[in-house]
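Please read the structure below before turning to the comments.
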Amino acid sequence: MTGFGKAATTANDVTVTVEVRSLNSSKGMDLGAKLPSRYREYEHQLRQQITTKLQRGKVDVYVTVVSEKENAGMRLNKAIVKAHFNELNAIAKEFGAVFIIGIGNKLSHGDPHDGRAADYDDWSTENEEGYKGLNGDIIVWHPVLQSAFEISSMGIRVDKNALTRQLKEKNCEQKSTLPFHSSLLTGKLPESIGGGIGQSRLCMFLLRKSHIGEVQVSIWSAEEKKRMSEKGVV
C-alpha cells in the first residue's frame, strides 16, 4: 500500500512526532527507521512494533522528539558552527571527495561526532593511524548546491568484540540476548562489511539536481510546490 501518515503528541513539554511513508512492493518488507541519536537503542523495539502491523512494501519511519525545556536552555555557538561548516566546504571543494572516519565515537572534547547505534557498525576499534572507528561518511562537493554533500555513511559491521564493547559503552548490554546479538556473540553469524550509498542523494549528485524531490517520488504540499517552482526546481 502506498501512503503517508503523520501524528504528534505532547506530554510534559516534550513533543514526539512520527511520520510514516510507504510505497507498494511485492518484494517483502524494506523497512527504514530514523530516530534521534539518544533514542537509537529503541530502534529494535520500534521495528518489531511496525512489523506487527505491516508485512510488505518500502516503509520509512521518521521519529522526532522536541523538548521545550531543553530548547529553552540551548545556546548555539554560531561562530563555531559556521567555522566548521566553512572548513568542511573548503576541504570538499579542494579534494572533490573526502571520507570522515569514526562516526559515532567521541571527539577530543568528549562528545560524539554523531549518534550511532551500538549494534550497527564498528565505531570503537582503533585503526592503524590511532583513530577510533572502522566506519565513516563519504562527503563530495556538489557543484549545483555549491556545498559539501554527504552521499554515504558506511563501515565494517561490528564483530563480537566491538559489539560487546559498544553495548557496554551505550549502557544497553541487555540487548545481547536478542536474536541477532546473541548469534553474533556466539559465532553463529559471519562478520560482514556493510554500509550503502544513499540512492536518492547519489542520483542528486550524478544528475546535478538541487532537491531530492527531483529524483524520487514524494508528496509535496501546494506551498512547497510554489516555493520549489520559484527556485526553478519544478
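Naming works like this for the C-alpha cells: A, B, ... for the chains as they're shown, residue 1 at the start of each chain, ligands 1 onward in shown order.
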Quick one: residues within 8 Å of region 16-18 of chain A, only C-alpha atoms counted, chain neighbours fewer than 2 positions away excluded, as a compact mmCIF listing (two decimals) with all heavy atoms, in the first residue's frame?
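Result written to result26.txt:
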# COMPACT_ATOMS: atom_id res chain seq x y z
N LYS A 6 1.12 11.05 9.44
CA LYS A 6 1.90 11.83 10.40
C LYS A 6 1.05 12.08 11.64
O LYS A 6 -0.14 12.40 11.54
CB LYS A 6 2.33 13.16 9.79
CG LYS A 6 3.15 14.04 10.71
CD LYS A 6 3.59 15.31 9.98
CE LYS A 6 4.41 16.23 10.87
NZ LYS A 6 4.84 17.45 10.16
N ALA A 7 1.65 11.90 12.81
CA ALA A 7 0.93 12.14 14.07
C ALA A 7 1.92 12.70 15.09
O ALA A 7 3.12 12.41 15.03
CB ALA A 7 0.29 10.86 14.58
N ALA A 8 1.40 13.49 16.00
CA ALA A 8 2.25 14.09 17.04
C ALA A 8 1.48 14.11 18.35
O ALA A 8 0.25 14.22 18.38
CB ALA A 8 2.68 15.50 16.65
N THR A 9 2.21 13.99 19.44
CA THR A 9 1.61 14.08 20.77
C THR A 9 2.58 14.81 21.69
O THR A 9 3.80 14.74 21.51
CB THR A 9 1.30 12.69 21.34
OG1 THR A 9 0.63 12.81 22.60
CG2 THR A 9 2.56 11.87 21.53
N THR A 10 2.03 15.54 22.66
CA THR A 10 2.85 16.32 23.59
C THR A 10 2.49 15.96 25.03
O THR A 10 1.32 15.88 25.38
CB THR A 10 2.64 17.82 23.38
OG1 THR A 10 3.00 18.17 22.04
CG2 THR A 10 3.51 18.63 24.34
N VAL A 14 7.28 17.76 26.15
CA VAL A 14 8.03 17.00 25.14
C VAL A 14 7.07 16.61 24.02
O VAL A 14 6.02 16.02 24.28
CB VAL A 14 8.68 15.74 25.74
CG1 VAL A 14 9.37 14.93 24.64
CG2 VAL A 14 9.67 16.11 26.82
N VAL A 20 5.24 8.34 8.69
CA VAL A 20 5.37 7.05 8.02
C VAL A 20 5.08 7.24 6.54
O VAL A 20 4.03 7.78 6.17
CB VAL A 20 4.40 5.99 8.60
CG1 VAL A 20 4.58 4.66 7.87
CG2 VAL A 20 4.63 5.82 10.09
N VAL A 61 10.13 5.26 8.37
CA VAL A 61 9.55 5.83 9.59
C VAL A 61 10.53 6.85 10.16
O VAL A 61 11.71 6.55 10.35
CB VAL A 61 9.26 4.74 10.63
CG1 VAL A 61 8.66 5.36 11.89
CG2 VAL A 61 8.32 3.69 10.06
N TYR A 62 10.04 8.06 10.43
CA TYR A 62 10.86 9.13 10.99
C TYR A 62 10.27 9.56 12.33
O TYR A 62 9.08 9.89 12.41
CB TYR A 62 10.92 10.33 10.04
CG TYR A 62 11.38 9.98 8.65
CD1 TYR A 62 10.46 9.61 7.67
CD2 TYR A 62 12.73 10.02 8.30
CE1 TYR A 62 10.88 9.28 6.39
CE2 TYR A 62 13.15 9.70 7.03
CZ TYR A 62 12.23 9.34 6.07
OH TYR A 62 12.64 9.01 4.81
N VAL A 63 11.10 9.56 13.35
CA VAL A 63 10.65 9.96 14.69
C VAL A 63 11.47 11.16 15.14
O VAL A 63 12.70 11.12 15.11
CB VAL A 63 10.82 8.81 15.71
CG1 VAL A 63 10.35 9.26 17.09
CG2 VAL A 63 10.04 7.57 15.26
N THR A 64 10.80 12.22 15.54
CA THR A 64 11.48 13.39 16.09
C THR A 64 10.95 13.66 17.49
O THR A 64 9.77 13.46 17.76
CB THR A 64 11.28 14.64 15.22
OG1 THR A 64 9.87 14.90 15.09
CG2 THR A 64 11.86 14.44 13.84
N VAL A 65 11.84 14.09 18.36
CA VAL A 65 11.49 14.40 19.75
C VAL A 65 12.00 15.79 20.07
O VAL A 65 13.20 16.06 19.94
CB VAL A 65 12.09 13.37 20.73
CG1 VAL A 65 11.67 13.70 22.15
CG2 VAL A 65 11.65 11.96 20.36
N VAL A 66 11.10 16.67 20.48
CA VAL A 66 11.47 18.05 20.80
C VAL A 66 11.09 18.35 22.24
O VAL A 66 9.92 18.18 22.63
CB VAL A 66 10.77 19.06 19.87
CG1 VAL A 66 11.12 20.48 20.27
CG2 VAL A 66 11.15 18.80 18.42
When you look at Ser147 (chain A) with a cut-off of 8 Å (counting only C-alpha atoms), what residues show up, excluding the ones that are within fewer than 5 positions of it in the same chain? I need them as a compact mmCIF listing (two decimals) with N, CA and C atoms, in the first residue's frame.
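The result, written out as out36.txt:
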# COMPACT_ATOMS: atom_id res chain seq x y z
N ASN A 89 33.33 22.67 3.81
CA ASN A 89 33.11 23.09 2.42
C ASN A 89 34.43 23.27 1.68
N LYS A 93 35.57 21.03 -1.50
CA LYS A 93 35.78 21.71 -2.78
C LYS A 93 37.20 21.48 -3.30
N TRP A 141 31.83 17.25 -3.16
CA TRP A 141 31.49 18.64 -3.46
C TRP A 141 30.40 18.65 -4.51
N HIS A 142 29.24 19.25 -4.18
CA HIS A 142 28.11 19.31 -5.10
C HIS A 142 28.16 20.64 -5.85
If we count only C-alpha atoms and set the cut-off at 9 Å, which residues sit around region 29-38 of chain A, ignoring sequence neighbours fewer than 4 positions away in its own chain? Please answer as a count of residues only. 23
Closest of A:Thr52, A:Asp13, A:Pro143, A:Glu129 to Leu207 (chain A) - atom-to-atom distances counting only C-alpha atoms
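Of the candidates, the smallest distance to Leu207 (chain A) is held by A:Pro143.
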*asked:* With DSSP run on the backbone, what are the alpha helix (DSSP H) residues within region 127-212 of chain A? I'd like them as a ChimeraX atom specification.
replied: /A:160-169,179-185,199-206
Exercise for review: Between CA of Asn135 (chain A) and CA of Asp121 (chain A), measure the distance and give it in Å to one decimal.
Suggested key: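 Computed distance, CA of Asn135 (chain A) to CA of Asp121 (chain A), equals 6.6 Å.
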Expressed in Å, the length from CA of Gln199 (chain A) to CA of Asn105 (chain A) is 25.7 Å
| Surrounding residues of Trp220 (chain A) excluding itself and chain neighbours under 6 positions, 12 Å, only C-alpha atoms, as a list in words | Phe4, Ile212, Gly213, Glu214, Lys226, Arg227, Met228, Ser229 and Val234 of chain A
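Interatomic distance, CA of Ile156 (chain A) to CA of Leu134 (chain A): 5.8 Å.
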What's the 12 Å shell around Arg201 (chain A), counting only C-alpha atoms, without same-chain residues fewer than 4 positions away, as a list in words?
->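 Neighbouring residues, sequence-local ones excluded: Ile138, Ile139, Val140, His142, Phe149, Glu150, Ile151, Ser152, Ser153, Gly196, Ile197, Phe205, Leu206, Leu207, Arg208, Lys209, Ser210, His211, Ile212, Gly213, Glu214, Val215 and Gln216 of chain A.
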As a PyMOL selection string, please: every residue in region 6-233 of chain A that a backbone DSSP assignment puts in strand (DSSP E or B). chain A and resi 6-11+14-23+29-34+57-67+97-101+106+112+121+126+132+135-142+147-157+193-197
Using only C-alpha atoms, the best pick from A:Asp122, A:Glu128, A:Glu191, A:Glu223 as closest to Leu167 (chain A) would be A:Asp122
